[in-house]
$ cat model-v6.tsv   # TSV, C-alpha atoms
chain	number	residue	atom	x	y	z
C	1	MET	CA	-15.59	-52.44	40.83
C	2	ALA	CA	-15.00	-49.38	38.69
C	3	ARG	CA	-13.52	-50.01	35.28
C	4	ALA	CA	-10.10	-48.60	34.64
C	5	ALA	CA	-10.17	-45.72	32.20
C	6	SER	CA	-8.77	-46.65	28.81
C	7	THR	CA	-5.73	-44.75	27.66
C	8	PRO	CA	-6.72	-42.32	24.89
C	9	PRO	CA	-4.76	-42.47	21.66
C	10	ALA	CA	-1.92	-40.04	21.33
C	11	THR	CA	-3.02	-36.77	19.74
C	12	ALA	CA	-1.37	-35.67	16.54
C	13	ALA	CA	0.53	-32.95	18.37
C	14	GLU	CA	2.15	-35.34	20.86
C	15	MET	CA	3.39	-38.30	18.84
C	16	THR	CA	6.74	-39.90	19.47
C	17	ILE	CA	8.48	-41.44	16.49
C	18	ASP	CA	7.11	-44.87	17.46
C	19	GLU	CA	3.58	-43.48	17.57
C	20	LEU	CA	4.12	-41.70	14.26
C	21	ALA	CA	5.25	-44.99	12.74
C	22	ARG	CA	2.08	-46.72	13.95
C	23	ARG	CA	-0.17	-43.91	12.72
C	24	SER	CA	1.48	-43.70	9.31
C	25	GLY	CA	2.01	-47.41	8.74
C	26	MET	CA	5.73	-46.87	8.18
C	27	THR	CA	8.74	-48.19	10.03
C	28	VAL	CA	10.79	-46.02	12.35
C	29	ARG	CA	13.79	-46.75	10.14
C	30	ASN	CA	12.04	-45.35	7.03
C	31	ILE	CA	10.89	-42.28	8.91
C	32	ARG	CA	14.47	-41.59	10.04
C	33	ALA	CA	15.67	-42.14	6.46
C	34	HIS	CA	13.16	-39.54	5.23
C	35	GLN	CA	14.43	-37.13	7.88
C	36	SER	CA	18.04	-37.64	6.83
C	37	ARG	CA	17.10	-36.92	3.20
C	38	GLY	CA	15.37	-33.67	4.18
C	39	LEU	CA	11.94	-35.02	3.22
C	40	LEU	CA	10.42	-34.69	6.69
C	41	PRO	CA	10.47	-31.59	8.91
C	42	PRO	CA	12.35	-32.06	12.20
C	43	PRO	CA	10.29	-32.91	15.29
C	44	GLN	CA	9.64	-30.54	18.15
C	45	VAL	CA	12.13	-31.49	20.84
C	46	ARG	CA	11.04	-31.39	24.46
C	47	GLY	CA	13.62	-32.63	26.90
C	48	ARG	CA	15.34	-35.41	25.02
C	49	THR	CA	12.30	-36.60	23.06
C	50	GLY	CA	11.18	-35.52	19.62
C	51	TYR	CA	7.45	-35.05	19.09
C	52	TYR	CA	5.61	-35.09	15.77
C	53	GLY	CA	2.38	-33.48	14.64
C	54	ASP	CA	-0.27	-33.49	11.93
C	55	GLU	CA	2.10	-31.92	9.42
C	56	HIS	CA	4.35	-34.98	9.64
C	57	ILE	CA	1.42	-37.31	8.94
C	58	ALA	CA	0.44	-35.14	5.96
C	59	ARG	CA	4.03	-35.09	4.68
C	60	LEU	CA	4.41	-38.88	4.91
C	61	GLU	CA	1.09	-39.33	3.10
C	62	LEU	CA	2.26	-36.97	0.38
C	63	ILE	CA	5.57	-38.81	-0.03
C	64	ARG	CA	3.76	-42.15	-0.29
C	65	GLU	CA	1.34	-40.85	-2.92
C	66	LEU	CA	4.09	-39.22	-4.98
C	67	GLN	CA	6.09	-42.44	-4.87
C	68	SER	CA	3.05	-44.33	-6.17
C	69	ASP	CA	3.15	-41.96	-9.17
C	70	GLY	CA	6.68	-43.13	-9.95
C	71	LEU	CA	8.68	-40.25	-8.46
C	72	ASN	CA	11.89	-41.21	-6.71
C	73	LEU	CA	12.79	-39.73	-3.33
C	74	GLU	CA	15.24	-37.19	-4.75
C	75	ALA	CA	12.60	-35.85	-7.15
C	76	ILE	CA	10.13	-35.67	-4.27
C	77	ARG	CA	12.68	-33.80	-2.15
C	78	ARG	CA	13.16	-31.19	-4.88
C	79	LEU	CA	9.41	-30.82	-5.33
C	80	LEU	CA	8.82	-30.37	-1.61
C	81	GLU	CA	11.75	-27.98	-1.35
C	82	GLY	CA	10.18	-25.81	-4.03
C	83	ALA	CA	6.78	-25.99	-2.35
C	84	GLY	CA	8.04	-24.60	0.96
C	85	ASP	CA	5.46	-25.06	3.70
C	86	SER	CA	2.56	-25.73	1.31
C	87	SER	CA	2.77	-29.53	1.45
C	88	THR	CA	-1.01	-29.82	1.77
C	89	GLU	CA	-1.47	-27.86	-1.45
C	90	VAL	CA	1.13	-30.03	-3.19
C	91	LEU	CA	-0.78	-33.11	-2.07
C	92	ASP	CA	-4.07	-31.66	-3.32
C	93	PHE	CA	-2.44	-30.75	-6.63
C	94	ALA	CA	-0.98	-34.26	-6.99
C	95	ARG	CA	-4.41	-35.74	-6.32
C	96	ALA	CA	-5.97	-33.41	-8.90
C	97	LEU	CA	-3.41	-34.58	-11.46
C	98	ARG	CA	-4.33	-38.23	-10.83
C	99	ALA	CA	-8.08	-37.69	-10.71
C	100	PRO	CA	-10.04	-39.13	-13.62
C	101	PHE	CA	-10.70	-36.54	-16.29
C	102	GLU	CA	-14.41	-37.32	-16.17
C	103	ASP	CA	-16.64	-38.59	-13.38
C	104	GLU	CA	-17.63	-41.75	-15.24
C	105	GLN	CA	-17.18	-44.75	-12.97
C	106	PRO	CA	-15.80	-48.06	-14.34
C	107	GLU	CA	-18.03	-51.11	-14.15
C	108	ILE	CA	-17.17	-54.77	-13.65
C	109	VAL	CA	-19.04	-57.20	-15.90
C	110	GLU	CA	-18.90	-60.86	-16.83
C	111	ALA	CA	-16.94	-61.59	-20.00
C	112	THR	CA	-20.01	-63.39	-21.35
C	113	GLU	CA	-21.91	-60.09	-21.17
C	114	LEU	CA	-19.41	-58.55	-23.58
C	115	ALA	CA	-19.78	-61.56	-25.82
C	116	HIS	CA	-23.53	-60.97	-25.88
C	117	ILE	CA	-23.00	-57.32	-26.85
C	118	TRP	CA	-20.63	-58.36	-29.63
C	119	GLY	CA	-23.07	-60.94	-30.97
C	120	ASP	CA	-21.25	-64.17	-30.07
C	121	GLY	CA	-21.95	-66.74	-27.43
C	122	GLU	CA	-18.38	-66.93	-26.15
C	123	PRO	CA	-15.91	-64.14	-25.31
C	124	ASP	CA	-13.35	-63.57	-28.04
C	125	PRO	CA	-9.88	-63.30	-26.41
C	126	ALA	CA	-8.52	-61.47	-29.46
C	127	LEU	CA	-11.20	-58.77	-29.24
C	128	ILE	CA	-10.73	-58.41	-25.50
C	129	SER	CA	-6.98	-58.07	-26.04
C	130	ARG	CA	-7.53	-55.34	-28.64
C	131	ALA	CA	-9.91	-53.51	-26.34
C	132	GLU	CA	-7.38	-53.79	-23.49
C	133	LYS	CA	-4.64	-52.24	-25.64
C	134	LEU	CA	-7.01	-49.37	-26.47
C	135	GLY	CA	-7.59	-48.79	-22.75
C	136	ILE	CA	-11.28	-49.72	-22.92
C	137	LEU	CA	-11.21	-52.92	-20.88
C	138	ARG	CA	-9.09	-54.45	-18.13
C	139	PRO	CA	-9.36	-58.24	-17.64
C	140	LEU	CA	-9.60	-59.35	-14.00
C	141	PRO	CA	-8.26	-62.60	-12.52
C	142	ASP	CA	-11.75	-64.02	-11.87
C	143	SER	CA	-12.74	-64.13	-15.58
C	144	ARG	CA	-14.61	-60.86	-15.24
C	145	VAL	CA	-13.74	-57.63	-17.03
C	146	GLU	CA	-13.47	-54.05	-15.78
C	147	VAL	CA	-15.07	-51.70	-18.29
C	148	ILE	CA	-13.16	-48.43	-18.08
C	149	SER	CA	-15.85	-46.49	-19.94
C	150	PRO	CA	-19.39	-47.91	-19.71
C	151	ARG	CA	-20.39	-45.15	-22.15
C	152	LEU	CA	-18.29	-46.79	-24.85
C	153	ILE	CA	-19.88	-50.18	-24.14
C	154	ARG	CA	-23.32	-48.63	-24.56
C	155	ALA	CA	-22.16	-47.18	-27.87
C	156	ALA	CA	-20.88	-50.64	-28.89
C	157	ARG	CA	-24.30	-52.11	-28.11
C	158	GLU	CA	-25.98	-49.46	-30.29
C	159	LEU	CA	-23.51	-50.07	-33.11
C	160	ALA	CA	-24.15	-53.82	-32.90
C	161	ASP	CA	-27.88	-53.13	-33.33
C	162	LEU	CA	-27.00	-51.18	-36.48
C	163	GLY	CA	-25.06	-54.14	-37.82
C	164	VAL	CA	-21.57	-52.82	-37.08
C	165	GLY	CA	-19.31	-55.68	-35.99
C	166	PRO	CA	-17.00	-55.44	-32.95
C	167	GLY	CA	-13.83	-55.54	-35.04
C	168	VAL	CA	-14.94	-52.52	-37.10
C	169	ALA	CA	-16.08	-50.72	-33.96
C	170	LEU	CA	-12.70	-51.25	-32.28
C	171	THR	CA	-10.89	-50.04	-35.40
C	172	THR	CA	-12.97	-46.86	-35.24
C	173	VAL	CA	-12.18	-46.43	-31.54
C	174	GLY	CA	-8.48	-46.81	-32.37
C	175	LYS	CA	-8.72	-43.98	-34.91
C	176	MET	CA	-10.60	-41.83	-32.42
C	177	ARG	CA	-7.99	-42.49	-29.75
C	178	ARG	CA	-5.14	-41.40	-32.03
C	179	HIS	CA	-6.92	-38.12	-32.78
C	180	SER	CA	-7.85	-37.68	-29.11
C	181	GLU	CA	-4.21	-38.02	-28.08
C	182	GLY	CA	-3.43	-34.95	-30.20
C	183	VAL	CA	-6.29	-33.00	-28.61
C	184	ALA	CA	-5.20	-34.04	-25.11
C	185	ALA	CA	-1.62	-33.01	-25.84
C	186	ALA	CA	-2.85	-29.60	-27.01
C	187	PHE	CA	-4.73	-28.95	-23.76
C	188	VAL	CA	-1.86	-30.22	-21.60
C	189	ASP	CA	0.50	-27.94	-23.50
C	190	LEU	CA	-1.93	-25.07	-22.92
C	191	PHE	CA	-1.91	-25.69	-19.17
C	192	VAL	CA	1.86	-26.11	-18.96
C	193	LYS	CA	2.73	-22.98	-20.96
C	194	SER	CA	-0.02	-20.68	-19.69
C	195	VAL	CA	-0.33	-21.76	-16.04
C	196	TRP	CA	2.49	-23.98	-14.80
C	197	GLU	CA	5.53	-22.35	-16.41
C	198	PRO	CA	4.67	-18.80	-15.20
C	199	PHE	CA	4.05	-20.24	-11.72
C	200	ASP	CA	7.35	-22.13	-11.86
C	201	ARG	CA	9.29	-19.08	-13.05
C	202	ALA	CA	7.84	-17.09	-10.15
C	203	GLY	CA	9.41	-19.59	-7.74
C	204	ARG	CA	6.18	-21.52	-7.07
C	205	PRO	CA	4.89	-19.06	-4.44
C	206	GLU	CA	2.99	-20.80	-1.70
C	207	GLU	CA	-0.07	-18.55	-2.01
C	208	ASP	CA	-0.47	-19.44	-5.71
C	209	TRP	CA	-0.73	-23.23	-5.31
C	210	PRO	CA	-4.54	-23.07	-4.91
C	211	LYS	CA	-4.80	-21.03	-8.13
C	212	VAL	CA	-2.78	-23.59	-10.08
C	213	ARG	CA	-4.89	-26.45	-8.75
C	214	GLU	CA	-8.10	-24.56	-9.52
C	215	ALA	CA	-6.88	-23.91	-13.08
C	216	LEU	CA	-6.23	-27.62	-13.55
C	217	GLU	CA	-9.67	-28.55	-12.20
C	218	ARG	CA	-11.42	-25.95	-14.36
C	219	LEU	CA	-9.54	-27.15	-17.42
C	220	ARG	CA	-11.30	-30.54	-17.25
C	221	PRO	CA	-14.86	-29.43	-18.09
C	222	LEU	CA	-13.55	-26.68	-20.40
C	223	ALA	CA	-11.58	-29.21	-22.45
C	224	SER	CA	-14.57	-31.56	-22.69
C	225	ASP	CA	-16.98	-28.79	-23.67
C	226	ALA	CA	-14.59	-27.33	-26.25
C	227	LEU	CA	-13.86	-30.72	-27.78
C	228	LEU	CA	-17.57	-31.54	-28.04
C	229	ALA	CA	-18.35	-28.16	-29.61
C	230	VAL	CA	-15.59	-28.47	-32.22
C	231	PHE	CA	-16.54	-32.10	-32.92
C	232	GLN	CA	-20.17	-31.13	-33.56
C	233	ILE	CA	-19.09	-28.49	-36.05
C	234	THR	CA	-16.67	-30.87	-37.76
C	235	MET	CA	-19.22	-33.69	-37.82
C	236	SER	CA	-21.82	-31.44	-39.44
C	237	GLU	CA	-19.35	-30.36	-42.10
C	238	ALA	CA	-18.22	-33.95	-42.76
C	239	THR	CA	-21.84	-35.14	-43.06
C	240	GLU	CA	-22.69	-32.35	-45.49
C	241	LYS	CA	-19.65	-33.13	-47.65
C	242	ALA	CA	-20.40	-36.85	-47.67
C	243	THR	CA	-24.03	-36.19	-48.62
C	244	GLU	CA	-22.95	-33.84	-51.40
C	245	ARG	CA	-20.54	-36.43	-52.82
C	246	THR	CA	-23.22	-39.12	-52.71
C	247	LEU	CA	-25.76	-36.92	-54.51
C	248	LYS	CA	-23.24	-36.01	-57.20
C	249	ARG	CA	-22.42	-39.68	-57.82
C	250	GLU	CA	-26.11	-40.47	-58.10
C	251	ALA	CA	-26.62	-37.60	-60.52
C	252	ARG	CA	-23.85	-38.91	-62.81
C	253	LYS	CA	-25.39	-42.39	-63.02
C	254	PRO	CA	-27.45	-43.07	-66.17
C	255	SER	CA	-31.14	-43.40	-65.50
C	256	LYS	CA	-32.92	-46.71	-65.88
C	257	LYS	CA	-34.86	-45.34	-68.86
C	258	SER	CA	-31.70	-44.36	-70.75
C	259	ARG	CA	-30.15	-47.77	-70.06
C	260	ARG	CA	-33.18	-49.54	-71.61
C	261	SER	CA	-33.16	-47.44	-74.81

$ encode --input "model-v6.tsv" --output "structure tokens"
Amino acid sequence: MARAASTPPATAAEMTIDELARRSGMTVRNIRAHQSRGLLPPPQVRGRTGYYGDEHIARLELIRELQSDGLNLEAIRRLLEGAGDSSTEVLDFARALRAPFEDEQPEIVEATELAHIWGDGEPDPALISRAEKLGILRPLPDSRVEVISPRLIRAARELADLGVGPGVALTTVGKMRRHSEGVAAAFVDLFVKSVWEPFDRAGRPEEDWPKVREALERLRPLASDALLAVFQITMSEATEKATERTLKREARKPSKKSRRS
């Protein structure tokens, strides 16, 4: 006997509100609430039934992601209102904002591995707490630890080999973080004043959303390269000054021969 043909899933251009709810993982009630707030475009009405398309899926996804960033529905409504029909570009821009500044991937390690790096047999809760406050580590429920920057852990291992203790290393990281916050603020201010504010004053034209997102994405490697270049210059100058001070102190010390006479 021939098998009955299975019913194909509804295409994105022919979804009822119930089908949209299933596809988006939202309730019909929430979808209607978004419509009443002006967050969701109206459906295409055929007969007495409203039909939804891909743009509604994209809009619901955008709303969900913006909410996860802490925006309330009224703020999202204003943002979408200013974006016009460019909801996809707004979503891409929001994702670019949340993307990690570098492509370094966090690693999950056993707490005992950190203890080995720091030279002790057992994990030190106080050190882990300090590292967590600095944004270096994130303790997990299963006694493991998420290392936000494996590069920093490798540096800690090298410092340990040089005899630098973990407490001193974390103090140094704290100083670096405070200075880095100022550098980060400078680049954010640069983006806001030079890119975002002119775009905002122009009424956020739909055709310029890709340019704004591209500027944000290009700023990432530019900021890293500029910071590294300036740091290398500053580090060279600081090393030269420290060497000069050390040599001058040594020159002022009496020689062993003069001390014996």

$ closest_residue --input "model-v6.tsv" --among "C:Gly53, C:His116, C:Leu190, C:Glu81" --to "Leu222 (chain C)" --atoms "only C-alpha atoms"
C:Leu190

$ residues_around --input "model-v6.tsv" --residues "Ile76 (chain C)" --least-positions-apart "3" --cutoff "8 Å" --atoms "all atoms listed in the file" --output "list of chain:residue names"
C:Leu39, C:Ile63, C:Leu66, C:Gln67, C:Leu71, C:Asn72, C:Leu73, C:Leu79, C:Leu80

$ atom_distance --input "model-v6.tsv" --atom1 "CA of Lys133 (chain C)" --atom2 "CA of Ala238 (chain C)"
28.5 Å

$ atom_distance --input "model-v6.tsv" --atom1 "CA of Ser24 (chain C)" --atom2 "CA of Tyr52 (chain C)"
11.5 Å

$ atom_distance --input "model-v6.tsv" --atom1 "CA of Pro166 (chain C)" --atom2 "CA of Ser149 (chain C)"
15.8 Å

$ residues_around --input "model-v6.tsv" --residues "Pro150 (chain C)" --least-positions-apart "2" --cutoff "12 Å" --atoms "all atoms listed in the file" --output "PyMOL selection string"
chain C and resi 103-109+114+136-137+145-148+152-157
